[in-house]
Every structure is written in C-alpha cells, then in structure tokens.
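Asks: Let me give you the structure first, and then I'll get to my questions.
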There are 2 protein chains.
Amino acid sequence: MSAKPEVTMAQRKRQLVSDELTEAALQLLALKGFDAVTIDEIAAAAGVSRRTFFRYFASKEDVVVQFLTGMGADIQAELAARPVEEPPSVALRHAVWVPIAACADHPGRALRVVQLILRTPALLARFLERQAQWRDDLAAVLGSRLGLDPDTDLYPRLAAGMALSAFDAVLQRWSDSDGAEDLADLTDRAFAVIAPALDAVEGRAADAREPR
Amino acid sequence: MSAKPEVTMAQRKRQLVSDELTEAALQLLALKGFDAVTIDEIAAAAGVSRRTFFRYFASKEDVVVQFLTGMGADIQAELAARPVEEPPSVALRHAVWVPIAACADHPGRALRVVQLILRTPALLARFLERQAQWRDDLAAVLGSRLGLDPDTDLYPRLAAGMALSAFDAVLQRWSDSDGAEDLADLTDRAFAVIAPALDAVEGRAADAREPR
DNA sequence: TCCCCGGTGGCACTCAGTGTCAATAAGTTG
DNA sequence: CAACTTATTGACACTGAGTGCCACCGGGGA
C-alpha cells in the first residue's frame, strides 16, 4: 500500500515463475529420471515457453544447482557466527548441521531430492563442484577465525574438506538407508571420527605450516 | 612372427587413434579453453570424422575423464599392496602418492592438464565425480584391511574422503603456484594434518561405530 | 495518451550426442 | 585365390541443449 519496498510488485512474479519452474522440474526429474525429462516438458508443466526456462536456469542441471547454492552461504554464515573460542570440530559441526537440519525438517521431499542428486551422475558432479566452492569459502572463514592464511597453511582447506567429507558421508548413508538412519546421530558420529585432526592444534603449527 | 599375442595387430590401430584423439583434444583444450573447442575441430585435428570421436569418447569431458580413470585403479592397487600393519595414514599417503608422483615425473605436461581441469567448471565437476568413485573403492579396501564394514562404520569412507581432500589440496596448491611448490613436501604436510584422525584407533571403535 | 521497459514467446541457428547403413580393410577358411 | 566374416569407419539424419535476435504485451511514469 504505502512505502514501496523498492524491490516490489513485478519482482515477485519473477520469483513465482522461478518457483513454478523449480517445482515442476524437481517433480518430473524425481519421477522419470534425469535423462528422460526434456526441458520442453518442464517448461510446459510450468506453463511457460522453453525460451523462458533458459532465462531462469542455464541448464537442466542448473535447476538443482540453484536449489543447492543457498546452502553454501548458510553453512558459511553459521560458521562465521559461531563463537571464536569454539574448537574447529564443534564450529564446523554446527555449520554443516544447518543444511542437514533442513533435510530433517522435510524428510520426504528432501530425501527424494538427495537421492535424485546422489544417483544421477551429472547431478552428483555438479553437486560436488558446488561443494568445492563451499570448501574454499569455509577455508577462508576458518582462516580468519584462527589467524591462518589459507594460501600458506594447508589446515583451513583440509579442515573444510574433512567437514564436507563428513557431510557427504552422512547424506550418502541417509540416502542409502532411505531415510531410516538418524541424521543427528550420523552427523555426531562422523564428526567424532574427524575431530582428532580438526582439533589437533599442537601438531598443526609444526606440521602443516611452511617450515622455517 | 610365431605365437599370436591374441590381442593383435588391428587392436593397436585402435589404441593409436585413441592416443591421437586424446593428444589433439588436450592440445586444443589447453590452448583455446574448453568451451571454445568443438568436437569437429578435435576430430579434424586427429584426422578422423566426428562420428568416430564418439566411438572412443562419450563427450568432450570424457577425454579428460578417461585420462584420469586409470589413476583411481592405481591408487586402489597401491593401498591394497601396502602391508596391513602399516597405519592408515601411511598406507593412504603412499596410495595417494602414486598419481602425484606421475605428475612430478612430467611436470610440464601434467601441470597444463591439472590447471585445465581445476579451472574448467565442467571438467572439475567430472573430476570430482570420478573421485567419489575412488572414495568408495578406497573405503572398501580400507574396510577389509581393518576388518570394518564400510556399510556399518563411517570410518572407512571418511578416511578415504580425508585422503582425497589432501590429494585435492595438494593439486590445488601445485596448480595455483604454477608448479613452484614441491609435490612431495605438500603431500607430507597435508597428511600430517589429517593423520591424527586417520590413526586415532582408540577413539574409532567408541565413537564411529554404531552404539551398543 | 504516449513512451519506456522488463518479461515473454517465437524463430532460427550452432553444437552435442545417437542410430543407422553402406563401404572398406583385415583376417579366416575352403 | 576366392568367398566369407568381422571390426572399423564415414556419411547422413534426427533429437535435444543452449543462444541470439526480434517482435509483442502490459504496466508505470512524463
């Protein structure tokens, strides 16, 4: 009514079309499999033209990638928000828990999407590429938390990599068990395994830093 | 002359065409960038038809993927060949060292390929997808070495993931430094970071295994 | 009212990837 | 030597991905 939010009215139709497309795509992909769905089908199901699909997504894979992109920012934000006195293993566990908690909140829908991604080579590849970006971002945050330069010390990148390995292992087990295993329990157990390396501060300075 | 090797004469023409194609592709890709090279160009440079290219490789990406595929088997074989009494951190370091040593042997060529892969999103994605397969294979070998079931214990998969994170970090640093950093030194430092988790046998049984 | 502008659909084009078929070369058997 | 078999290849056709271009529509402001 009053004061225009300045990002108003017309923009939300755009968001609506995007949601429509994402919904239609995820529905069809999970149902028929990645290769069996054409972009014409997705566009038709969302009620737009094929050309319009490409104004929102760069490719069929991109629908899923965009669905995941927000996660990286969330993990990074959570890590940055954790108190600096928290040991890396605890801070990283909380950070990685953010997207996992999102899965735990919508088990049905999330499980279908996770299984689609993990079982479709093209999507798995894109998912892992995304994670490589997350790893770099997390390494930067970790570096500033600990006062280490990610371009000099190997620790930040490796710690981020270990945390994401744990993330992958959890999702893998959850997917393979069709959602039967408990996400919180899996996460705790996975981080228990990697924690000795994440928190081995005494060894870090001597072993991982450039000698001299 | 005598005894036909049974994998004879005609087969090596096939190998020759494959090599020709791989060579032409890597040359063009490194020179012009991934997207700027069409398959017609590659085929023409190798002196065959476009259709023939697809009889050897499933896609442009597949040229690089096949170039990498052997590595996974090599890592796995080396891990299986390490003495069982060797701690996981040492055995995994030797296993991961195999492909890194190959890079160290041909620094010029290897660096060009590594940089091409790490800097081309589509190739990075495929590379990481390959690694996911390596991770599963290494987890299986690790499991049998330690008498752990990879479908019950999280440790084998996580240990393999950590080792491959180290592998990635080493390649990344090597690539970013244009080959200036020493591969052996990087590898040792990376494994020094993750070793505390790989060798924390005492904590493993209590923390990572299914409770009870 | 007229104009400007973001979003859209339609069209045409390049390139990736696949199936099919006919021609060729090489190796085999009589 | 001739007929036959098998593998490899080039040529053609076709579907689908992805992109550039342009004309069209609807709303908001001068």
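Residue numbering restarts at 1 for every chain of the structure tokens, chains are lettered A, B, ... in their displayed order, and ligands are numbered from 1 as they appear.
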Both chains have the same sequence, so match all Cα atoms in order, fit chain A onto chain B by least squares, and return it as a compact mmCIF listing (two decimals) with C-alpha atoms, in the first residue's frame.

Replies:
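Written output follows (part.txt):
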```txt
# COMPACT_ATOMS: atom_id res chain seq x y z
CA MET A 1 55.79 -63.16 -35.79
CA SER A 2 55.00 -66.43 -33.99
CA ALA A 3 52.43 -66.97 -31.20
CA LYS A 4 49.61 -64.46 -31.61
CA PRO A 5 49.23 -62.51 -28.37
CA GLU A 6 45.49 -63.03 -29.07
CA VAL A 7 44.86 -59.32 -28.43
CA THR A 8 46.85 -58.38 -31.48
CA MET A 9 47.46 -56.39 -34.58
CA ALA A 10 44.11 -54.71 -35.24
CA GLN A 11 43.60 -53.68 -31.64
CA ARG A 12 46.63 -51.49 -31.57
CA LYS A 13 45.33 -49.34 -34.40
CA ARG A 14 42.41 -48.68 -32.13
CA GLN A 15 44.76 -47.69 -29.32
CA LEU A 16 46.63 -45.48 -31.75
CA VAL A 17 43.50 -43.62 -32.82
CA SER A 18 42.55 -43.21 -29.17
CA ASP A 19 45.95 -41.75 -28.33
CA GLU A 20 45.80 -39.49 -31.36
CA LEU A 21 42.41 -38.18 -30.27
CA THR A 22 43.48 -37.70 -26.64
CA GLU A 23 46.60 -35.87 -27.69
CA ALA A 24 44.77 -33.59 -30.11
CA ALA A 25 42.03 -32.87 -27.58
CA LEU A 26 44.33 -32.07 -24.64
CA GLN A 27 46.45 -29.88 -26.90
CA LEU A 28 43.50 -27.87 -28.22
CA LEU A 29 41.68 -27.65 -24.88
CA ALA A 30 44.70 -26.39 -22.98
CA LEU A 31 45.42 -23.91 -25.75
CA LYS A 32 41.99 -22.44 -26.51
CA GLY A 33 39.92 -23.28 -23.44
CA PHE A 34 37.21 -25.88 -23.04
CA ASP A 35 34.22 -24.10 -24.56
CA ALA A 36 36.12 -22.64 -27.50
CA VAL A 37 36.97 -26.06 -28.92
CA THR A 38 34.39 -28.02 -30.90
CA ILE A 39 34.48 -31.76 -31.37
CA ASP A 40 34.75 -31.22 -35.11
CA GLU A 41 38.05 -29.46 -34.51
CA ILE A 42 39.38 -32.26 -32.33
CA ALA A 43 38.34 -34.91 -34.83
CA ALA A 44 39.84 -32.95 -37.70
CA ALA A 45 43.10 -32.45 -35.79
CA ALA A 46 43.29 -36.21 -35.19
CA GLY A 47 42.40 -36.94 -38.79
CA VAL A 48 39.16 -38.80 -38.18
CA SER A 49 35.48 -38.01 -38.53
CA ARG A 50 33.30 -36.50 -35.83
CA ARG A 51 31.34 -39.73 -35.71
CA THR A 52 34.49 -41.67 -34.93
CA PHE A 53 35.31 -39.38 -32.02
CA PHE A 54 32.11 -40.54 -30.35
CA ARG A 55 33.12 -44.16 -30.85
CA TYR A 56 36.02 -43.52 -28.48
CA PHE A 57 34.70 -40.87 -26.11
CA ALA A 58 31.19 -40.18 -24.88
CA SER A 59 31.78 -36.43 -24.77
CA LYS A 60 34.42 -33.74 -24.75
CA GLU A 61 34.61 -34.10 -20.97
CA ASP A 62 35.07 -37.82 -21.34
CA VAL A 63 38.47 -37.36 -22.96
CA VAL A 64 39.74 -35.96 -19.70
CA VAL A 65 37.75 -38.39 -17.57
CA GLN A 66 39.27 -41.40 -19.32
CA PHE A 67 42.66 -39.78 -18.88
CA LEU A 68 41.97 -39.82 -15.13
CA THR A 69 40.22 -43.14 -14.80
CA GLY A 70 43.38 -45.18 -14.63
CA MET A 71 44.55 -43.13 -11.66
CA GLY A 72 41.79 -44.44 -9.43
CA ALA A 73 42.73 -48.02 -10.12
CA ASP A 74 46.38 -47.20 -9.44
CA ILE A 75 45.62 -45.61 -6.07
CA GLN A 76 43.43 -48.52 -5.09
CA ALA A 77 46.04 -51.07 -6.17
CA GLU A 78 48.77 -49.31 -4.22
CA LEU A 79 46.63 -49.21 -1.09
CA ALA A 80 45.87 -52.90 -1.42
CA ALA A 81 49.58 -53.61 -1.84
CA ARG A 82 50.70 -51.78 1.30
CA PRO A 83 51.51 -54.02 4.27
CA VAL A 84 48.52 -54.38 6.58
CA GLU A 85 50.53 -53.44 9.65
CA GLU A 86 51.11 -49.98 8.18
CA PRO A 87 48.94 -47.36 9.89
CA PRO A 88 46.17 -45.94 7.65
CA SER A 89 47.83 -42.54 7.35
CA VAL A 90 51.00 -44.07 5.92
CA ALA A 91 49.28 -46.52 3.61
CA LEU A 92 46.93 -43.84 2.27
CA ARG A 93 49.78 -41.40 1.80
CA HIS A 94 51.64 -43.91 -0.33
CA ALA A 95 48.48 -44.69 -2.29
CA VAL A 96 47.70 -41.05 -3.01
CA TRP A 97 51.31 -40.44 -3.88
CA VAL A 98 51.07 -42.63 -6.97
CA PRO A 99 49.22 -40.15 -9.21
CA ILE A 100 51.08 -37.22 -7.65
CA ALA A 101 54.38 -38.86 -8.52
CA ALA A 102 53.13 -39.17 -12.09
CA CYS A 103 52.66 -35.39 -12.10
CA ALA A 104 56.09 -34.87 -10.62
CA ASP A 105 57.58 -36.95 -13.43
CA HIS A 106 56.12 -34.85 -16.24
CA PRO A 107 55.79 -31.43 -14.62
CA GLY A 108 55.17 -29.45 -17.78
CA ARG A 109 52.49 -31.56 -19.38
CA ALA A 110 50.87 -32.55 -16.09
CA LEU A 111 50.64 -28.97 -14.86
CA ARG A 112 48.84 -27.87 -18.03
CA VAL A 113 46.31 -30.68 -17.68
CA VAL A 114 45.79 -30.11 -13.95
CA GLN A 115 45.24 -26.40 -14.45
CA LEU A 116 42.85 -27.09 -17.32
CA ILE A 117 40.81 -29.39 -15.11
CA LEU A 118 40.80 -27.27 -11.96
CA ARG A 119 39.91 -24.10 -13.86
CA THR A 120 37.18 -25.49 -16.10
CA PRO A 121 33.96 -25.92 -14.11
CA ALA A 122 32.63 -28.72 -16.31
CA LEU A 123 35.89 -30.64 -16.02
CA LEU A 124 36.25 -29.98 -12.30
CA ALA A 125 32.78 -31.38 -11.81
CA ARG A 126 33.65 -34.57 -13.70
CA PHE A 127 36.94 -34.86 -11.87
CA LEU A 128 35.19 -34.71 -8.52
CA GLU A 129 32.61 -37.22 -9.67
CA ARG A 130 35.47 -39.58 -10.52
CA GLN A 131 36.89 -39.01 -7.07
CA ALA A 132 33.61 -40.00 -5.49
CA GLN A 133 34.09 -43.35 -7.17
CA TRP A 134 37.69 -43.55 -5.96
CA ARG A 135 36.46 -42.81 -2.45
CA ASP A 136 34.06 -45.74 -2.53
CA ASP A 137 36.75 -48.06 -3.88
CA LEU A 138 39.31 -46.94 -1.32
CA ALA A 139 36.78 -47.31 1.45
CA ALA A 140 36.22 -50.92 0.42
CA VAL A 141 39.94 -51.69 0.47
CA LEU A 142 40.41 -49.90 3.78
CA GLY A 143 37.50 -51.78 5.24
CA SER A 144 38.96 -55.14 4.38
CA ARG A 145 42.41 -54.07 5.65
CA LEU A 146 40.96 -53.16 9.02
CA GLY A 147 38.20 -55.69 9.25
CA LEU A 148 35.53 -52.99 9.19
CA ASP A 149 32.34 -53.04 7.14
CA PRO A 150 32.09 -49.80 5.11
CA ASP A 151 28.31 -50.11 5.29
CA THR A 152 28.35 -50.14 9.09
CA ASP A 153 31.36 -48.08 10.09
CA LEU A 154 31.73 -44.53 8.93
CA TYR A 155 35.51 -44.66 9.31
CA PRO A 156 36.53 -46.24 5.96
CA ARG A 157 34.57 -43.78 3.85
CA LEU A 158 35.68 -40.82 5.95
CA ALA A 159 39.32 -41.88 5.90
CA ALA A 160 39.20 -42.22 2.12
CA GLY A 161 37.48 -38.85 1.90
CA MET A 162 40.14 -37.20 4.05
CA ALA A 163 42.93 -38.68 1.95
CA LEU A 164 41.30 -37.38 -1.22
CA SER A 165 40.79 -33.98 0.40
CA ALA A 166 44.52 -33.95 0.96
CA PHE A 167 45.04 -34.98 -2.66
CA ASP A 168 42.86 -32.09 -3.82
CA ALA A 169 44.56 -29.59 -1.58
CA VAL A 170 47.96 -30.62 -2.90
CA LEU A 171 46.90 -30.33 -6.53
CA GLN A 172 45.20 -27.02 -5.86
CA ARG A 173 48.29 -25.50 -4.29
CA TRP A 174 50.52 -26.92 -6.99
CA SER A 175 48.26 -25.51 -9.69
CA ASP A 176 47.94 -22.10 -8.04
CA SER A 177 51.69 -21.82 -7.62
CA ASP A 178 52.21 -22.78 -11.29
CA GLY A 179 54.26 -25.76 -10.21
CA ALA A 180 56.56 -23.81 -7.92
CA GLU A 181 55.67 -25.70 -4.75
CA ASP A 182 57.17 -29.10 -4.14
CA LEU A 183 54.68 -31.93 -4.51
CA ALA A 184 56.38 -34.29 -2.07
CA ASP A 185 56.57 -31.59 0.59
CA LEU A 186 52.95 -30.56 0.11
CA THR A 187 51.83 -34.16 0.35
CA ASP A 188 53.73 -34.77 3.57
CA ARG A 189 52.36 -31.62 5.17
CA ALA A 190 48.80 -32.38 4.12
CA PHE A 191 48.92 -35.89 5.55
CA ALA A 192 50.46 -34.57 8.74
CA VAL A 193 47.26 -32.59 9.24
CA ILE A 194 44.83 -35.43 8.68
CA ALA A 195 46.91 -38.21 10.26
CA PRO A 196 45.57 -37.66 13.82
CA ALA A 197 42.10 -38.63 12.62
CA LEU A 198 43.27 -41.43 10.32
CA ASP A 199 45.27 -43.15 13.05
CA ALA A 200 43.04 -42.48 16.06
CA VAL A 201 42.27 -46.18 16.41
CA GLU A 202 41.35 -45.99 20.07
CA GLY A 203 38.60 -43.46 19.47
CA ARG A 204 37.32 -45.13 16.35
CA ALA A 205 35.67 -48.17 17.86
CA ALA A 206 33.85 -46.16 20.47
CA ASP A 207 32.77 -43.16 18.39
CA ALA A 208 32.26 -44.17 14.80
CA ARG A 209 30.79 -47.60 15.11
CA GLU A 210 27.11 -48.18 15.61
CA PRO A 211 26.50 -47.97 19.36
CA ARG A 212 25.74 -51.23 21.17
```

Asks: Find the residues of chain D in contact range of chain A, meaning any atom within 9 Å when counting only C-alpha atoms (C1' of nucleotides), and list them as a PDB file with C-alpha atoms (C1' of nucleotides), in the first residue's frame.

Replies:
```pdb
ATOM      1  C1'  DG D  16      17.627 -32.126 -27.772  1.00  0.00           C
ATOM      2  C1'  DA D  17      20.554 -28.465 -25.453  1.00  0.00           C
ATOM      3  C1'  DG D  18      21.681 -23.820 -25.473  1.00  0.00           C
TER       4       DG D  18
END
```

Asks: Can you check which residues of region 20-153 of chain B DSSP gives as alpha helix (DSSP H) on the backbone and send them as a PyMOL selection string?

Replies: chain B and resi 20-32+39-46+50-56+60-81+88-105+107-119+121-146

Asks: Using only C-alpha atoms (C1' of nucleotides), find the residues of chain C whose closest atom to chain B is at most 9 Å away, then write them as a list in words.

Replies: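 Every residue meeting the condition is included here: DC15, DA16, DG17 and DA26 of chain C.
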
Asks: From the options D:DC25, D:DC1, D:DA7, D:DA13, which residue's atoms come nearest to DC5 (chain C), counting only C-alpha atoms (C1' of nucleotides)?

Replies: D:DC25

Asks: List the neighbours of DA23 (chain C) out to 12 Å using only C-alpha atoms (C1' of nucleotides); skip same-chain residues closer than 2 positions along the sequence, and give me the result as a PyMOL selection string.

Replies: (chain C and resi 21+25) or (chain D and resi 8-11)

Asks: For the selection just defined, write its residues with N, CA and C atoms (P, O5', C5', C4', C3', O3' and C1' of nucleotides) to a file, as a PDB file, in the first residue's frame.

Replies:
```
ATOM      1  P    DC C  21      19.295 -49.669 -40.814  1.00  0.00           P
ATOM      2  O5'  DC C  21      20.248 -49.386 -42.068  1.00  0.00           O
ATOM      3  C5'  DC C  21      20.187 -48.115 -42.707  1.00  0.00           C
ATOM      4  C4'  DC C  21      21.391 -47.925 -43.626  1.00  0.00           C
ATOM      5  C3'  DC C  21      21.958 -49.239 -44.197  1.00  0.00           C
ATOM      6  O3'  DC C  21      22.274 -49.061 -45.568  1.00  0.00           O
ATOM      7  C1'  DC C  21      23.663 -48.017 -43.128  1.00  0.00           C
ATOM      8  P    DA C  25      40.245 -50.095 -48.517  1.00  0.00           P
ATOM      9  O5'  DA C  25      40.964 -50.794 -47.286  1.00  0.00           O
ATOM     10  C5'  DA C  25      40.963 -50.174 -45.996  1.00  0.00           C
ATOM     11  C4'  DA C  25      41.191 -51.224 -44.920  1.00  0.00           C
ATOM     12  C3'  DA C  25      42.203 -52.314 -45.308  1.00  0.00           C
ATOM     13  O3'  DA C  25      43.031 -52.602 -44.195  1.00  0.00           O
ATOM     14  C1'  DA C  25      40.156 -53.312 -44.708  1.00  0.00           C
TER      15       DA C  25
ATOM     16  P    DT D   8      37.060 -52.755 -33.555  1.00  0.00           P
ATOM     17  O5'  DT D   8      37.155 -51.564 -34.605  1.00  0.00           O
ATOM     18  C5'  DT D   8      38.176 -51.601 -35.601  1.00  0.00           C
ATOM     19  C4'  DT D   8      37.879 -50.595 -36.672  1.00  0.00           C
ATOM     20  C3'  DT D   8      37.354 -49.241 -36.166  1.00  0.00           C
ATOM     21  O3'  DT D   8      38.297 -48.224 -36.499  1.00  0.00           O
ATOM     22  C1'  DT D   8      36.133 -50.018 -38.052  1.00  0.00           C
ATOM     23  P    DT D   9      38.081 -46.713 -36.058  1.00  0.00           P
ATOM     24  O5'  DT D   9      37.454 -46.023 -37.356  1.00  0.00           O
ATOM     25  C5'  DT D   9      38.060 -46.222 -38.629  1.00  0.00           C
ATOM     26  C4'  DT D   9      37.110 -45.815 -39.737  1.00  0.00           C
ATOM     27  C3'  DT D   9      36.469 -44.445 -39.547  1.00  0.00           C
ATOM     28  O3'  DT D   9      37.069 -43.500 -40.414  1.00  0.00           O
ATOM     29  C1'  DT D   9      34.913 -46.078 -40.373  1.00  0.00           C
ATOM     30  P    DG D  10      36.769 -41.935 -40.225  1.00  0.00           P
ATOM     31  O5'  DG D  10      35.673 -41.667 -41.348  1.00  0.00           O
ATOM     32  C5'  DG D  10      35.920 -42.078 -42.678  1.00  0.00           C
ATOM     33  C4'  DG D  10      34.690 -41.860 -43.533  1.00  0.00           C
ATOM     34  C3'  DG D  10      34.071 -40.458 -43.426  1.00  0.00           C
ATOM     35  O3'  DG D  10      33.652 -40.047 -44.722  1.00  0.00           O
ATOM     36  C1'  DG D  10      32.458 -42.101 -42.812  1.00  0.00           C
ATOM     37  P    DA D  11      33.110 -38.582 -44.985  1.00  0.00           P
ATOM     38  O5'  DA D  11      31.546 -38.786 -45.235  1.00  0.00           O
ATOM     39  C5'  DA D  11      31.094 -39.842 -46.080  1.00  0.00           C
ATOM     40  C4'  DA D  11      29.583 -39.955 -45.997  1.00  0.00           C
ATOM     41  C3'  DA D  11      28.848 -38.621 -45.803  1.00  0.00           C
ATOM     42  O3'  DA D  11      27.811 -38.501 -46.759  1.00  0.00           O
ATOM     43  C1'  DA D  11      28.162 -40.199 -44.166  1.00  0.00           C
TER      44       DA D  11
END
```
